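Structure below is target-v6.cif: mmCIF, C-alpha atoms.
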data_target
loop_
_atom_site.group_PDB
_atom_site.id
_atom_site.type_symbol
_atom_site.label_atom_id
_atom_site.label_comp_id
_atom_site.auth_asym_id
_atom_site.auth_seq_id
_atom_site.Cartn_x
_atom_site.Cartn_y
_atom_site.Cartn_z
ATOM 1 C CA MET A 11 53.309 160.531 -150.597
ATOM 2 C CA ILE A 12 51.672 157.659 -148.754
ATOM 3 C CA THR A 13 55.095 156.126 -148.193
ATOM 4 C CA GLY A 14 56.244 159.239 -146.324
ATOM 5 C CA ALA A 15 53.220 159.038 -144.031
ATOM 6 C CA VAL A 16 53.980 155.415 -143.216
ATOM 7 C CA ILE A 17 57.602 156.243 -142.433
ATOM 8 C CA ALA A 18 56.589 159.208 -140.271
ATOM 9 C CA SER A 19 54.032 157.053 -138.478
ATOM 10 C CA SER A 20 56.539 154.270 -137.767
ATOM 11 C CA ALA A 21 59.146 156.824 -136.667
ATOM 12 C CA ALA A 22 56.684 158.237 -134.136
ATOM 13 C CA HIS A 23 56.304 154.769 -132.599
ATOM 14 C CA ALA A 24 60.054 154.122 -132.533
ATOM 15 C CA ASP A 25 60.567 155.973 -129.246
ATOM 16 C CA VAL A 26 57.847 154.025 -127.414
ATOM 17 C CA ILE A 27 59.517 152.055 -124.626
ATOM 18 C CA ARG A 28 58.078 148.667 -123.733
ATOM 19 C CA PRO A 29 58.338 147.837 -120.040
ATOM 20 C CA ALA A 30 60.508 144.887 -119.053
ATOM 21 C CA VAL A 31 58.119 143.830 -116.290
ATOM 22 C CA LEU A 32 54.377 144.057 -115.732
ATOM 23 C CA ARG A 33 52.456 144.056 -112.475
ATOM 24 C CA THR A 34 49.745 141.486 -111.835
ATOM 25 C CA ALA A 35 46.854 143.518 -113.272
ATOM 26 C CA GLN A 36 48.841 144.416 -116.377
ATOM 27 C CA ALA A 37 50.023 140.823 -116.863
ATOM 28 C CA ALA A 38 46.472 139.518 -116.485
ATOM 29 C CA ALA A 39 45.273 141.973 -119.132
ATOM 30 C CA TYR A 40 48.186 140.995 -121.391
ATOM 31 C CA LEU A 41 47.290 137.291 -121.108
ATOM 32 C CA GLY A 42 43.565 137.931 -121.309
ATOM 33 C CA VAL A 43 42.742 136.283 -117.970
ATOM 34 C CA ALA A 44 41.194 137.597 -114.766
ATOM 35 C CA ILE A 45 43.449 138.903 -112.006
ATOM 36 C CA PRO A 46 42.286 136.224 -109.521
ATOM 37 C CA THR A 47 43.115 133.544 -112.091
ATOM 38 C CA LEU A 48 46.678 134.801 -112.395
ATOM 39 C CA ARG A 49 46.991 134.969 -108.592
ATOM 40 C CA THR A 50 45.682 131.408 -108.272
ATOM 41 C CA TRP A 51 48.190 130.181 -110.852
ATOM 42 C CA ARG A 52 50.996 131.905 -108.947
ATOM 43 C CA HIS A 53 49.996 130.358 -105.611
ATOM 44 C CA ARG A 54 49.701 126.915 -107.211
ATOM 45 C CA ARG A 55 53.114 127.367 -108.879
ATOM 46 C CA ARG A 56 51.551 127.264 -112.352
ATOM 47 C CA GLY A 57 51.375 129.788 -115.134
ATOM 48 C CA PRO A 58 54.105 132.250 -116.086
ATOM 49 C CA LYS A 59 57.103 132.833 -113.828
ATOM 50 C CA SER A 60 56.868 135.777 -111.460
ATOM 51 C CA PHE A 61 59.004 137.387 -108.776
ATOM 52 C CA ARG A 62 58.830 140.167 -106.217
ATOM 53 C CA MET A 63 60.427 143.513 -106.936
ATOM 54 C CA GLU A 64 60.196 146.305 -104.366
ATOM 55 C CA GLY A 65 57.333 144.443 -102.669
ATOM 56 C CA HIS A 66 55.269 144.030 -105.834
ATOM 57 C CA VAL A 67 54.693 140.814 -107.776
ATOM 58 C CA VAL A 68 55.904 141.356 -111.337
ATOM 59 C CA TYR A 69 56.132 139.307 -114.508
ATOM 60 C CA ARG A 70 58.803 139.678 -117.161
ATOM 61 C CA LEU A 71 57.320 140.328 -120.570
ATOM 62 C CA VAL A 72 59.544 137.647 -122.106
ATOM 63 C CA GLU A 73 58.235 135.100 -119.552
ATOM 64 C CA LEU A 74 54.644 135.959 -120.459
ATOM 65 C CA ASP A 75 55.439 135.434 -124.140
ATOM 66 C CA ALA A 76 57.239 132.164 -123.342
ATOM 67 C CA TYR A 77 54.205 130.986 -121.356
ATOM 68 C CA LEU A 78 51.896 131.780 -124.279
ATOM 69 C CA ASP A 79 54.214 129.897 -126.648
ATOM 70 C CA ALA A 80 54.246 126.876 -124.319
ATOM 71 C CA CYS A 81 50.446 126.878 -124.109
ATOM 72 C CA GLU A 82 50.204 127.017 -127.884
ATOM 73 C CA ALA A 83 52.705 124.163 -128.301
ATOM 74 C CA ALA A 84 50.786 122.000 -125.809
ATOM 75 C CA ASP A 85 47.467 122.468 -127.628
ATOM 76 C CA SER A 86 46.530 119.700 -130.038
ATOM 77 C CA ARG A 87 44.798 122.142 -132.400
ATOM 78 C CA SER A 88 47.995 124.080 -133.072
ATOM 79 C CA ASN A 89 50.442 121.162 -132.754
ATOM 80 C CA PRO A 90 49.730 118.380 -135.293
ATOM 81 C CA GLU A 91 51.927 115.923 -133.359
ATOM 82 C CA LEU A 92 49.500 116.072 -130.420
ATOM 83 C CA ASN A 93 46.340 115.788 -132.514
ATOM 84 C CA PRO A 94 44.595 112.561 -131.422
ATOM 85 C CA LEU A 95 43.212 112.107 -134.929
ATOM 86 C CA ASN A 96 46.766 111.702 -136.228
ATOM 87 C CA GLN A 97 47.587 108.933 -133.733
ATOM 88 C CA ALA A 98 47.611 105.301 -134.825
ATOM 89 C CA ARG A 99 44.675 103.443 -133.305
ATOM 90 C CA PRO A 100 44.490 99.687 -132.817
ATOM 91 C CA LYS A 101 42.184 97.724 -135.087
ATOM 92 C CA ARG A 102 38.905 96.664 -133.497
ATOM 93 C CA ASP A 103 36.356 94.040 -134.454
ATOM 94 C CA ARG A 104 32.565 94.488 -134.431
ATOM 95 C CA SER A 105 32.318 93.794 -130.695
ATOM 96 C CA GLY A 106 34.715 96.660 -129.944
ATOM 97 C CA ARG A 107 37.617 94.513 -128.769
ATOM 98 C CA ARG A 108 41.046 94.904 -130.240
ATOM 99 C CA VAL A 109 41.786 92.355 -132.933
ATOM 100 C CA SER A 110 44.806 91.059 -131.018
ATOM 101 C CA GLU A 111 42.648 90.543 -127.869
ATOM 102 C CA ARG A 112 40.154 88.424 -129.770
ATOM 103 C CA TRP A 113 42.734 85.724 -130.498
ATOM 104 C CA ALA A 114 44.144 85.796 -126.957
ATOM 105 C CA ALA A 115 40.768 85.059 -125.311
#
For this file, produce the structure as C-alpha coordinates.
Amino acid sequence: MITGAVIASSAAHADVIRPAVLRTAQAAAYLGVAIPTLRTWRHRRRGPKSFRMEGHVVYRLVELDAYLDACEAADSRSNPELNPLNQARPKRDRSGRRVSERWAA
(Lines of atoms letter the chains of each structure in order from A and count residues from 1; the text may use other names and numbers.)
(Lines give C-alpha, C1' and ligand atoms only; values in the text may rest on other atoms or scores of the structure.)
Protein backbone atom coordinates (compact mmCIF):
# COMPACT_ATOMS: atom_id res chain seq x y z
CA MET A 1 0.00 0.00 0.00
CA ILE A 2 2.95 2.33 0.46
CA THR A 3 3.63 2.13 -3.27
CA GLY A 4 0.16 3.51 -4.03
CA ALA A 5 0.78 6.47 -1.72
CA VAL A 6 4.04 7.26 -3.48
CA ILE A 7 2.35 7.11 -6.88
CA ALA A 8 -0.53 9.30 -5.69
CA SER A 9 1.94 11.76 -4.19
CA SER A 10 4.01 11.99 -7.38
CA ALA A 11 0.85 12.30 -9.48
CA ALA A 12 -0.25 15.27 -7.37
CA HIS A 13 3.04 17.03 -8.18
CA ALA A 14 2.83 16.23 -11.89
CA ASP A 15 0.58 19.20 -12.66
CA VAL A 16 2.87 21.73 -10.96
CA ILE A 17 4.12 24.13 -13.62
CA ARG A 18 7.63 25.51 -13.26
CA PRO A 19 7.99 29.08 -14.52
CA ALA A 20 10.27 29.67 -17.50
CA VAL A 21 11.53 32.97 -16.10
CA LEU A 22 12.07 34.39 -12.63
CA ARG A 23 12.15 38.01 -11.53
CA THR A 24 15.17 39.41 -9.72
CA ALA A 25 13.99 38.60 -6.18
CA GLN A 26 13.01 35.07 -7.16
CA ALA A 27 16.29 34.50 -9.03
CA ALA A 28 18.29 35.78 -6.07
CA ALA A 29 16.45 33.38 -3.76
CA TYR A 30 17.00 30.54 -6.25
CA LEU A 31 20.76 31.22 -6.35
CA GLY A 32 20.98 31.88 -2.63
CA VAL A 33 22.41 35.40 -2.98
CA ALA A 34 21.14 38.81 -1.91
CA ILE A 35 19.08 40.88 -4.34
CA PRO A 36 21.67 43.71 -4.43
CA THR A 37 24.36 41.15 -5.29
CA LEU A 38 22.39 39.94 -8.29
CA ARG A 39 21.76 43.55 -9.38
CA THR A 40 25.47 44.35 -9.06
CA TRP A 41 26.38 41.31 -11.16
CA ARG A 42 23.89 42.40 -13.82
CA HIS A 43 25.26 45.95 -13.98
CA ARG A 44 28.83 44.65 -14.17
CA ARG A 45 27.81 42.19 -16.92
CA ARG A 46 28.62 39.20 -14.70
CA GLY A 47 26.51 36.42 -13.32
CA PRO A 48 23.62 34.72 -15.11
CA LYS A 49 22.16 36.16 -18.30
CA SER A 50 19.10 38.36 -17.90
CA PHE A 51 16.79 40.37 -20.13
CA ARG A 52 13.86 42.75 -19.87
CA MET A 53 10.34 41.51 -20.42
CA GLU A 54 7.42 43.91 -20.10
CA GLY A 55 9.67 46.33 -18.21
CA HIS A 56 10.86 43.78 -15.66
CA VAL A 57 14.31 42.20 -15.45
CA VAL A 58 13.89 38.43 -15.68
CA TYR A 59 16.16 35.40 -15.69
CA ARG A 60 15.50 32.17 -17.54
CA LEU A 61 15.55 29.19 -15.23
CA VAL A 62 17.82 27.31 -17.64
CA GLU A 63 20.31 30.22 -17.57
CA LEU A 64 20.36 30.16 -13.77
CA ASP A 65 21.09 26.43 -13.83
CA ALA A 66 23.78 26.94 -16.49
CA TYR A 67 25.38 29.65 -14.34
CA LEU A 68 25.42 27.33 -11.32
CA ASP A 69 26.99 24.57 -13.44
CA ALA A 70 29.67 26.97 -14.71
CA CYS A 71 30.48 28.09 -11.16
CA GLU A 72 30.80 24.48 -10.06
CA ALA A 73 33.06 23.62 -13.02
CA ALA A 74 35.31 26.61 -12.27
CA ASP A 75 35.78 25.61 -8.62
CA SER A 76 38.93 23.64 -7.86
CA ARG A 77 37.19 21.64 -5.12
CA SER A 78 34.67 20.12 -7.53
CA ASN A 79 36.93 20.00 -10.61
CA PRO A 80 40.05 17.85 -10.04
CA GLU A 81 41.75 19.32 -13.13
CA LEU A 82 41.83 22.74 -11.45
CA ASN A 83 43.02 21.48 -8.07
CA PRO A 84 46.42 23.12 -7.43
CA LEU A 85 47.53 20.08 -5.45
CA ASN A 86 47.28 17.99 -8.62
CA GLN A 87 49.52 20.35 -10.61
CA ALA A 88 53.16 19.47 -11.26
CA ARG A 89 55.44 21.74 -9.26
CA PRO A 90 59.08 22.45 -10.09
CA LYS A 91 61.73 20.90 -7.87
CA ARG A 92 63.31 23.28 -5.38
CA ASP A 93 66.51 23.10 -3.38
CA ARG A 94 66.91 24.00 0.31
CA SER A 95 67.24 27.72 -0.45
CA GLY A 96 63.86 27.73 -2.20
CA ARG A 97 65.18 28.29 -5.71
CA ARG A 98 64.20 26.02 -8.54
CA VAL A 99 66.79 23.36 -9.25
CA SER A 100 67.18 24.56 -12.84
CA GLU A 101 67.83 28.16 -11.62
CA ARG A 102 70.63 27.02 -9.35
CA TRP A 103 72.76 25.83 -12.27
CA ALA A 104 72.01 28.93 -14.37
CA ALA A 105 73.29 31.37 -11.71
_Ground truth for the PyMOL selection byres ((chain A and resi 68) around 7), written as JSON, numbers by chain_ = {"A": [31, 32, 33, 34, 60, 61, 62, 63, 66, 67, 69, 70]}
*On this file, the PyMOL selection byres ((chain A and resi 71-88) around 9) gives some set of residues; write that set as a count of residues only.*
20
_Gap from atom CA of A:Thr50 to atom CA of A:Ala35 - Å, one decimal_ = 13.2 Å
*atom CA of A:Ile27 and atom CA of A:Thr47 are how many Å apart?*
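These two atoms are separated by 27.7 Å.
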*Quick one: pull the distance between atom CA of A:Ala38 and atom CA of A:Asp25, Å, one decimal.*
25.1 Å
